[in-house]
Amino acid sequence: MQIASWNVNSLNARLEHLRAWLGSRRPELVALQETKLEDHRFPDAEIAALGYRSLFAGQKTYNGVALLARTDAVPGFADVQVGIPGFEDGQKRVLAASVGELRIVNLYVVNGQAVGSDKYDYKLRFLDALHDWLAEEIRRYPRLVVLGDFNIAPDDRDVHDPVAWNETSILTSTAERAALRRLFELGLADSYRLRHDHGGAFSWWDYRAAGFRRDLGLRIDLVLLSGALAARCSGAAIDREPRGWERPSDHAPVLATLD
DNA sequence: ATGGTAGTCTAACTA
C-alpha cells in the first residue's frame with residue numbers, strides 16, 4: 001500500500017491538482033497539510049466522488065490538516081485525535097487516527113519564521129510536546145506512521161545549499177535538527193532514507209526567486225515509520241510532477257510503499 | 001541581490 005503526504009497550500013486553491021493527482025496515483029492513504037479551510041467548507045463530497053473518505057481539522061486562513069483513505073482499499077477512521085493531548089494550541093496542526101492495522105499521525109509542524117523569534121520558541125515547544133506524546137503513541141500503536149510537513153531538513157543532503165542553510169537558519173538550525181533526531185530515536189525511521197542515500201531530493205521549493213526552476217529546494221516533508229513498518233517499506237519517493245503544474249503548491253507530494 | 005511569490009482576503013499576516 002502507498003501512503004502519501006502533501007502540503008497543498010490551500011485545498012480550495014489546489015482541489016483540481018488533488019483531483020488529478022489522486023486520479024493517477026491512487027494512494028491508499030493521504031495526509032494533507034495547510035488546507036486553510038474551516039471544517040464546514042471542507043470538500044468531502046468532492047473527495048468522496050474520487051473514492052476517498054475524509055477526516056479533517058481546519059481553521060480559517062491558516063494551517064489545517066486532513067486524512068484521506070481510499071474507500072475500496074482501507075477501512076474507515078477510528079480513535080481520532082485532534083491536536084497533541086495536553087498541549088494547548090489554537091492552531092490546527094495535528095490529526096491522528098487508526099486506519100485498519102495502522103496508526104497515522106498527520107503533522108503540520110510550526111515553521112518558526114526565524115531562529116530566536118517567538119514563533120521559533122513555539123516550534124521548539126511544539127516539538128517537545130510532540131516527542132512526549134509520540135513516545136506514548138508508539139507504545140500503544142506499534143504500527144505507527146508519522147508523516148507530514150516537518151518544516152525541518154534532517155541533514156545537509158536535504159538542502160540545496162548547506163552553507164546558506166546552516167545551524168542558524170530556520171528549517172536547519174541545530175535545535176530543530178536535534179528535536180527531529182529525538183523523534184527518530186523513539187524508533188521512527190525516515191522512510192526516504194531507508195531507500196535512498198543521495199542528496200538533492202527535495203520536497204519544497206520557495207515560490208520566490210524561481211526556486212523550483214533552479215531546483216533550490218529542501219526536503220522537509222517526511223514519512224516516518226515505526227520499526228514494524230520500516231521492515232515492510234519497499235519504496236519511498238518524491239513526486240516532483242505536480243510542483244511543475246500551473247499554479248502549484250510550493251510542496252511536492254511524498255510517498256512511502258508498505259508491503 | 002537581504003529581494004523575490006503565493007494564499008487569504010483587499011491589509012497584513014504567514015510561509
# chains A, B, ... in the order shown; residues from 1 in each chain; ligands from 1
$ select_by_dssp --residues "range 147-229 of chain A" --states "strand (DSSP E)" --output "PyMOL selection string"
chain A and resi 147-149+188-190+204-205+217-218+221-226
$ interface_residues --of "chain A" --to "chain B" --cutoff "10 Å" --atoms "only C-alpha atoms (C1' of nucleotides)" --output "list in words"
Asn9, Ser10, Asn12, Ala13, Lys36, Lys60, Thr61, Tyr62, Asn63, Asn111, Gly112, Gln113, Asp206, Tyr207, Arg208, Ala209, Ala210, Gly211, Arg247, Pro248, Ser249 and Asp250 of chain A
$ atom_distance --atom1 "CA of Arg26 in chain A" --atom2 "CA of Gly76 in chain A"
16.6 Å
$ atom_distance --atom1 "CA of Ile104 in chain A" --atom2 "CA of Val146 in chain A"
6.0 Å
$ residues_around --residues "Ala73 in chain A" --least-positions-apart "3" --cutoff "9 Å" --atoms "only C-alpha atoms (C1' of nucleotides)" --output "list in words"
Met1, Glu28, Ala69 and Arg70 of chain A
$ write_last_selection --atoms "C-alpha atoms" --output "PDB file, in the first residue's frame"
ATOM      1  CA  MET A   1       0.000   0.000   0.000  1.00  0.00           C
ATOM      2  CA  GLU A  28      -4.420   4.194  -0.210  1.00  0.00           C
ATOM      3  CA  ALA A  69      -8.460   6.954   2.934  1.00  0.00           C
ATOM      4  CA  ARG A  70      -9.302   5.077  -0.268  1.00  0.00           C
TER       5      ARG A  70
END
$ atom_distance --atom1 "CA of Leu95 in chain A" --atom2 "CA of Gln33 in chain A"
9.9 Å
$ select_by_dssp --residues "range 70-186 of chain A" --states "alpha helix (DSSP H)" --output "short mmCIF file (atom, residue, chain, number, x, y, z; two decimals) with N, CA, C and O atoms, in the first residue's frame"
data_model
loop_
_atom_site.label_atom_id
_atom_site.label_comp_id
_atom_site.auth_asym_id
_atom_site.auth_seq_id
_atom_site.Cartn_x
_atom_site.Cartn_y
_atom_site.Cartn_z
N ASP A 118 9.67 34.52 18.61
CA ASP A 118 8.61 33.91 19.40
C ASP A 118 8.08 32.65 18.72
O ASP A 118 7.76 31.66 19.38
N LYS A 119 7.96 32.72 17.39
CA LYS A 119 7.44 31.56 16.64
C LYS A 119 8.43 30.39 16.69
O LYS A 119 8.02 29.22 16.68
N TYR A 120 9.70 30.69 16.75
CA TYR A 120 10.73 29.63 16.89
C TYR A 120 10.60 28.96 18.25
O TYR A 120 10.65 27.72 18.35
N ASP A 121 10.38 29.74 19.25
CA ASP A 121 10.17 29.19 20.60
C ASP A 121 8.94 28.28 20.62
O ASP A 121 8.96 27.18 21.19
N TYR A 122 7.87 28.73 19.97
CA TYR A 122 6.65 27.92 19.83
C TYR A 122 6.96 26.62 19.09
O TYR A 122 6.49 25.53 19.47
N LYS A 123 7.77 26.70 18.03
CA LYS A 123 8.15 25.50 17.28
C LYS A 123 8.85 24.48 18.17
O LYS A 123 8.51 23.29 18.16
N LEU A 124 9.79 24.93 18.98
CA LEU A 124 10.54 24.01 19.84
C LEU A 124 9.65 23.44 20.94
O LEU A 124 9.78 22.26 21.29
N ARG A 125 8.74 24.25 21.48
CA ARG A 125 7.80 23.72 22.48
C ARG A 125 6.84 22.71 21.85
O ARG A 125 6.52 21.69 22.46
N PHE A 126 6.39 22.99 20.63
CA PHE A 126 5.54 22.07 19.89
C PHE A 126 6.26 20.72 19.70
O PHE A 126 5.69 19.65 19.94
N LEU A 127 7.53 20.79 19.28
CA LEU A 127 8.29 19.56 19.01
C LEU A 127 8.56 18.78 20.30
O LEU A 127 8.58 17.54 20.28
N ASP A 128 8.74 19.48 21.38
CA ASP A 128 8.97 18.83 22.68
C ASP A 128 7.71 18.09 23.12
O ASP A 128 7.76 16.92 23.54
N ALA A 129 6.57 18.75 23.02
CA ALA A 129 5.29 18.10 23.38
C ALA A 129 4.99 16.94 22.43
O ALA A 129 4.50 15.89 22.85
N LEU A 130 5.32 17.13 21.15
CA LEU A 130 5.11 16.07 20.16
C LEU A 130 5.93 14.83 20.54
O LEU A 130 5.42 13.70 20.49
N HIS A 131 7.18 15.04 20.90
CA HIS A 131 8.05 13.93 21.29
C HIS A 131 7.44 13.10 22.41
O HIS A 131 7.35 11.87 22.34
N ASP A 132 6.99 13.80 23.45
CA ASP A 132 6.47 13.08 24.62
C ASP A 132 5.19 12.32 24.28
O ASP A 132 4.98 11.20 24.75
N TRP A 133 4.35 12.92 23.44
CA TRP A 133 3.12 12.25 23.03
C TRP A 133 3.43 11.03 22.14
O TRP A 133 2.87 9.94 22.34
N LEU A 134 4.36 11.21 21.17
CA LEU A 134 4.68 10.10 20.26
C LEU A 134 5.34 8.94 20.99
O LEU A 134 5.19 7.78 20.58
N ALA A 135 6.05 9.22 22.08
CA ALA A 135 6.63 8.14 22.89
C ALA A 135 5.52 7.23 23.41
O ALA A 135 5.67 6.00 23.45
N GLU A 136 4.38 7.84 23.77
CA GLU A 136 3.22 7.03 24.20
C GLU A 136 2.54 6.36 23.01
O GLU A 136 2.12 5.20 23.10
N GLU A 137 2.37 7.11 21.94
CA GLU A 137 1.68 6.56 20.75
C GLU A 137 2.36 5.31 20.22
O GLU A 137 1.70 4.34 19.86
N ILE A 138 3.70 5.33 20.16
CA ILE A 138 4.40 4.19 19.57
C ILE A 138 4.31 2.96 20.48
O ILE A 138 4.33 1.83 20.00
N ARG A 139 4.17 3.20 21.78
CA ARG A 139 3.94 2.06 22.70
C ARG A 139 2.55 1.48 22.49
O ARG A 139 2.35 0.28 22.44
N ARG A 140 1.57 2.38 22.37
CA ARG A 140 0.18 1.95 22.23
C ARG A 140 -0.10 1.36 20.86
O ARG A 140 -0.94 0.47 20.70
N THR A 174 20.38 23.99 14.61
CA THR A 174 20.84 22.89 15.47
C THR A 174 19.73 22.37 16.38
O THR A 174 19.54 21.15 16.49
N ALA A 175 18.98 23.28 17.01
CA ALA A 175 17.94 22.82 17.93
C ALA A 175 16.80 22.12 17.20
O ALA A 175 16.23 21.14 17.72
N GLU A 176 16.46 22.60 16.01
CA GLU A 176 15.41 21.93 15.23
C GLU A 176 15.84 20.53 14.83
O GLU A 176 15.08 19.56 14.95
N ARG A 177 17.06 20.42 14.31
CA ARG A 177 17.54 19.09 13.90
C ARG A 177 17.68 18.15 15.09
O ARG A 177 17.41 16.95 14.96
N ALA A 178 18.06 18.69 16.24
CA ALA A 178 18.15 17.86 17.44
C ALA A 178 16.76 17.36 17.84
O ALA A 178 16.59 16.19 18.24
N ALA A 179 15.75 18.22 17.72
CA ALA A 179 14.38 17.82 18.06
C ALA A 179 13.89 16.73 17.10
O ALA A 179 13.22 15.78 17.52
N LEU A 180 14.24 16.86 15.83
CA LEU A 180 13.84 15.83 14.85
C LEU A 180 14.57 14.52 15.15
O LEU A 180 13.97 13.43 15.09
N ARG A 181 15.85 14.61 15.48
CA ARG A 181 16.62 13.41 15.81
C ARG A 181 16.00 12.68 17.01
O ARG A 181 15.95 11.46 17.05
N ARG A 182 15.51 13.44 17.97
CA ARG A 182 14.85 12.81 19.13
C ARG A 182 13.60 12.03 18.71
O ARG A 182 13.27 11.02 19.32
N LEU A 183 12.90 12.52 17.68
CA LEU A 183 11.76 11.75 17.16
C LEU A 183 12.24 10.45 16.51
O LEU A 183 11.66 9.38 16.74
N PHE A 184 13.33 10.53 15.73
CA PHE A 184 13.90 9.32 15.12
C PHE A 184 14.28 8.31 16.21
O PHE A 184 14.09 7.11 16.07
#
$ residues_around --residues "Gly100 in chain A" --least-positions-apart "6" --cutoff "9 Å" --atoms "only C-alpha atoms (C1' of nucleotides)" --output "list in words"
Val74, Pro75, Gly76, Phe77 and Ala78 of chain A
$ residues_around --residues "range 156-161 of chain A" --least-positions-apart "5" --cutoff "6 Å" --atoms "only C-alpha atoms (C1' of nucleotides)" --output "list of chain:residue names"
A:Gly199, A:Leu216, A:Gly217, A:Leu218, A:Arg219
$ closest_residue --among "A:Asn7, A:Gln2, A:Gln81, A:Ser24" --to "Asp221 in chain A" --atoms "only C-alpha atoms"
A:Asn7
$ decode --residues "range 25-59 of chain A" --atoms "N, CA and C atoms" --output "PDB file, in the first residue's frame"
ATOM      1  N   ARG A  25      -2.456   8.526  -9.206  1.00  0.00           N
ATOM      2  CA  ARG A  25      -1.614   7.751  -8.275  1.00  0.00           C
ATOM      3  C   ARG A  25      -2.403   6.760  -7.426  1.00  0.00           C
ATOM      4  N   ARG A  26      -3.606   7.145  -7.052  1.00  0.00           N
ATOM      5  CA  ARG A  26      -4.488   6.291  -6.234  1.00  0.00           C
ATOM      6  C   ARG A  26      -3.826   5.760  -4.964  1.00  0.00           C
ATOM      7  N   PRO A  27      -3.085   6.564  -4.192  1.00  0.00           N
ATOM      8  CA  PRO A  27      -2.527   6.061  -2.931  1.00  0.00           C
ATOM      9  C   PRO A  27      -3.657   5.666  -1.982  1.00  0.00           C
ATOM     10  N   GLU A  28      -3.388   4.668  -1.125  1.00  0.00           N
ATOM     11  CA  GLU A  28      -4.420   4.194  -0.210  1.00  0.00           C
ATOM     12  C   GLU A  28      -4.689   5.214   0.899  1.00  0.00           C
ATOM     13  N   LEU A  29      -3.634   5.893   1.352  1.00  0.00           N
ATOM     14  CA  LEU A  29      -3.781   6.888   2.422  1.00  0.00           C
ATOM     15  C   LEU A  29      -3.060   8.169   2.032  1.00  0.00           C
ATOM     16  N   VAL A  30      -3.673   9.301   2.347  1.00  0.00           N
ATOM     17  CA  VAL A  30      -3.076  10.602   2.026  1.00  0.00           C
ATOM     18  C   VAL A  30      -3.246  11.528   3.226  1.00  0.00           C
ATOM     19  N   ALA A  31      -2.164  12.187   3.608  1.00  0.00           N
ATOM     20  CA  ALA A  31      -2.208  13.227   4.639  1.00  0.00           C
ATOM     21  C   ALA A  31      -2.006  14.572   3.950  1.00  0.00           C
ATOM     22  N   LEU A  32      -2.898  15.505   4.204  1.00  0.00           N
ATOM     23  CA  LEU A  32      -2.794  16.850   3.631  1.00  0.00           C
ATOM     24  C   LEU A  32      -2.493  17.850   4.734  1.00  0.00           C
ATOM     25  N   GLN A  33      -1.703  18.866   4.382  1.00  0.00           N
ATOM     26  CA  GLN A  33      -1.438  19.964   5.315  1.00  0.00           C
ATOM     27  C   GLN A  33      -1.732  21.304   4.631  1.00  0.00           C
ATOM     28  N   GLU A  34      -1.903  22.313   5.469  1.00  0.00           N
ATOM     29  CA  GLU A  34      -2.261  23.664   5.020  1.00  0.00           C
ATOM     30  C   GLU A  34      -3.498  23.650   4.132  1.00  0.00           C
ATOM     31  N   THR A  35      -4.546  22.994   4.625  1.00  0.00           N
ATOM     32  CA  THR A  35      -5.820  23.017   3.893  1.00  0.00           C
ATOM     33  C   THR A  35      -6.446  24.411   3.932  1.00  0.00           C
ATOM     34  N   LYS A  36      -6.202  25.160   4.998  1.00  0.00           N
ATOM     35  CA  LYS A  36      -6.691  26.546   5.135  1.00  0.00           C
ATOM     36  C   LYS A  36      -8.200  26.649   4.983  1.00  0.00           C
ATOM     37  N   LEU A  37      -8.914  25.648   5.482  1.00  0.00           N
ATOM     38  CA  LEU A  37     -10.379  25.629   5.374  1.00  0.00           C
ATOM     39  C   LEU A  37     -11.006  25.292   6.711  1.00  0.00           C
ATOM     40  N   GLU A  38     -12.018  26.070   7.081  1.00  0.00           N
ATOM     41  CA  GLU A  38     -12.846  25.661   8.213  1.00  0.00           C
ATOM     42  C   GLU A  38     -13.593  24.378   7.838  1.00  0.00           C
ATOM     43  N   ASP A  39     -13.935  23.581   8.848  1.00  0.00           N
ATOM     44  CA  ASP A  39     -14.489  22.251   8.589  1.00  0.00           C
ATOM     45  C   ASP A  39     -15.770  22.296   7.750  1.00  0.00           C
ATOM     46  N   HIS A  40     -16.590  23.345   7.941  1.00  0.00           N
ATOM     47  CA  HIS A  40     -17.841  23.385   7.171  1.00  0.00           C
ATOM     48  C   HIS A  40     -17.607  23.660   5.692  1.00  0.00           C
ATOM     49  N   ARG A  41     -16.386  24.078   5.337  1.00  0.00           N
ATOM     50  CA  ARG A  41     -16.056  24.327   3.920  1.00  0.00           C
ATOM     51  C   ARG A  41     -15.263  23.180   3.289  1.00  0.00           C
ATOM     52  N   PHE A  42     -14.939  22.135   4.062  1.00  0.00           N
ATOM     53  CA  PHE A  42     -14.103  21.056   3.521  1.00  0.00           C
ATOM     54  C   PHE A  42     -14.854  20.313   2.407  1.00  0.00           C
ATOM     55  N   PRO A  43     -14.192  20.063   1.265  1.00  0.00           N
ATOM     56  CA  PRO A  43     -14.897  19.461   0.111  1.00  0.00           C
ATOM     57  C   PRO A  43     -15.003  17.939   0.229  1.00  0.00           C
ATOM     58  N   ASP A  44     -15.655  17.447   1.292  1.00  0.00           N
ATOM     59  CA  ASP A  44     -15.680  15.989   1.499  1.00  0.00           C
ATOM     60  C   ASP A  44     -16.531  15.277   0.441  1.00  0.00           C
ATOM     61  N   ALA A  45     -17.567  15.949  -0.089  1.00  0.00           N
ATOM     62  CA  ALA A  45     -18.383  15.301  -1.138  1.00  0.00           C
ATOM     63  C   ALA A  45     -17.567  15.124  -2.420  1.00  0.00           C
ATOM     64  N   GLU A  46     -16.798  16.158  -2.789  1.00  0.00           N
ATOM     65  CA  GLU A  46     -15.962  16.059  -3.984  1.00  0.00           C
ATOM     66  C   GLU A  46     -14.909  14.961  -3.821  1.00  0.00           C
ATOM     67  N   ILE A  47     -14.361  14.847  -2.617  1.00  0.00           N
ATOM     68  CA  ILE A  47     -13.332  13.831  -2.366  1.00  0.00           C
ATOM     69  C   ILE A  47     -13.959  12.435  -2.299  1.00  0.00           C
ATOM     70  N   ALA A  48     -15.172  12.356  -1.778  1.00  0.00           N
ATOM     71  CA  ALA A  48     -15.889  11.066  -1.785  1.00  0.00           C
ATOM     72  C   ALA A  48     -16.134  10.608  -3.228  1.00  0.00           C
ATOM     73  N   ALA A  49     -16.413  11.570  -4.114  1.00  0.00           N
ATOM     74  CA  ALA A  49     -16.646  11.233  -5.525  1.00  0.00           C
ATOM     75  C   ALA A  49     -15.385  10.677  -6.187  1.00  0.00           C
ATOM     76  N   LEU A  50     -14.213  10.973  -5.594  1.00  0.00           N
ATOM     77  CA  LEU A  50     -12.947  10.432  -6.103  1.00  0.00           C
ATOM     78  C   LEU A  50     -12.638   9.073  -5.474  1.00  0.00           C
ATOM     79  N   GLY A  51     -13.481   8.636  -4.534  1.00  0.00           N
ATOM     80  CA  GLY A  51     -13.298   7.312  -3.940  1.00  0.00           C
ATOM     81  C   GLY A  51     -12.564   7.329  -2.615  1.00  0.00           C
ATOM     82  N   TYR A  52     -12.566   8.477  -1.933  1.00  0.00           N
ATOM     83  CA  TYR A  52     -11.847   8.601  -0.661  1.00  0.00           C
ATOM     84  C   TYR A  52     -12.753   9.111   0.459  1.00  0.00           C
ATOM     85  N   ARG A  53     -12.574   8.535   1.642  1.00  0.00           N
ATOM     86  CA  ARG A  53     -13.150   9.100   2.860  1.00  0.00           C
ATOM     87  C   ARG A  53     -12.263  10.246   3.342  1.00  0.00           C
ATOM     88  N   SER A  54     -12.867  11.228   4.003  1.00  0.00           N
ATOM     89  CA  SER A  54     -12.101  12.367   4.526  1.00  0.00           C
ATOM     90  C   SER A  54     -12.256  12.477   6.036  1.00  0.00           C
ATOM     91  N   LEU A  55     -11.188  12.945   6.650  1.00  0.00           N
ATOM     92  CA  LEU A  55     -11.203  13.326   8.065  1.00  0.00           C
ATOM     93  C   LEU A  55     -10.420  14.628   8.135  1.00  0.00           C
ATOM     94  N   PHE A  56     -10.937  15.649   8.833  1.00  0.00           N
ATOM     95  CA  PHE A  56     -10.286  16.951   8.724  1.00  0.00           C
ATOM     96  C   PHE A  56     -10.421  17.748  10.011  1.00  0.00           C
ATOM     97  N   ALA A  57      -9.421  18.604  10.210  1.00  0.00           N
ATOM     98  CA  ALA A  57      -9.427  19.532  11.342  1.00  0.00           C
ATOM     99  C   ALA A  57      -8.817  20.820  10.824  1.00  0.00           C
ATOM    100  N   GLY A  58      -9.650  21.804  10.588  1.00  0.00           N
ATOM    101  CA  GLY A  58      -9.167  23.005   9.926  1.00  0.00           C
ATOM    102  C   GLY A  58      -9.538  24.280  10.640  1.00  0.00           C
ATOM    103  N   GLN A  59      -9.107  25.389  10.065  1.00  0.00           N
ATOM    104  CA  GLN A  59      -9.424  26.716  10.564  1.00  0.00           C
ATOM    105  C   GLN A  59      -9.353  27.665   9.377  1.00  0.00           C
TER     106      GLN A  59
END
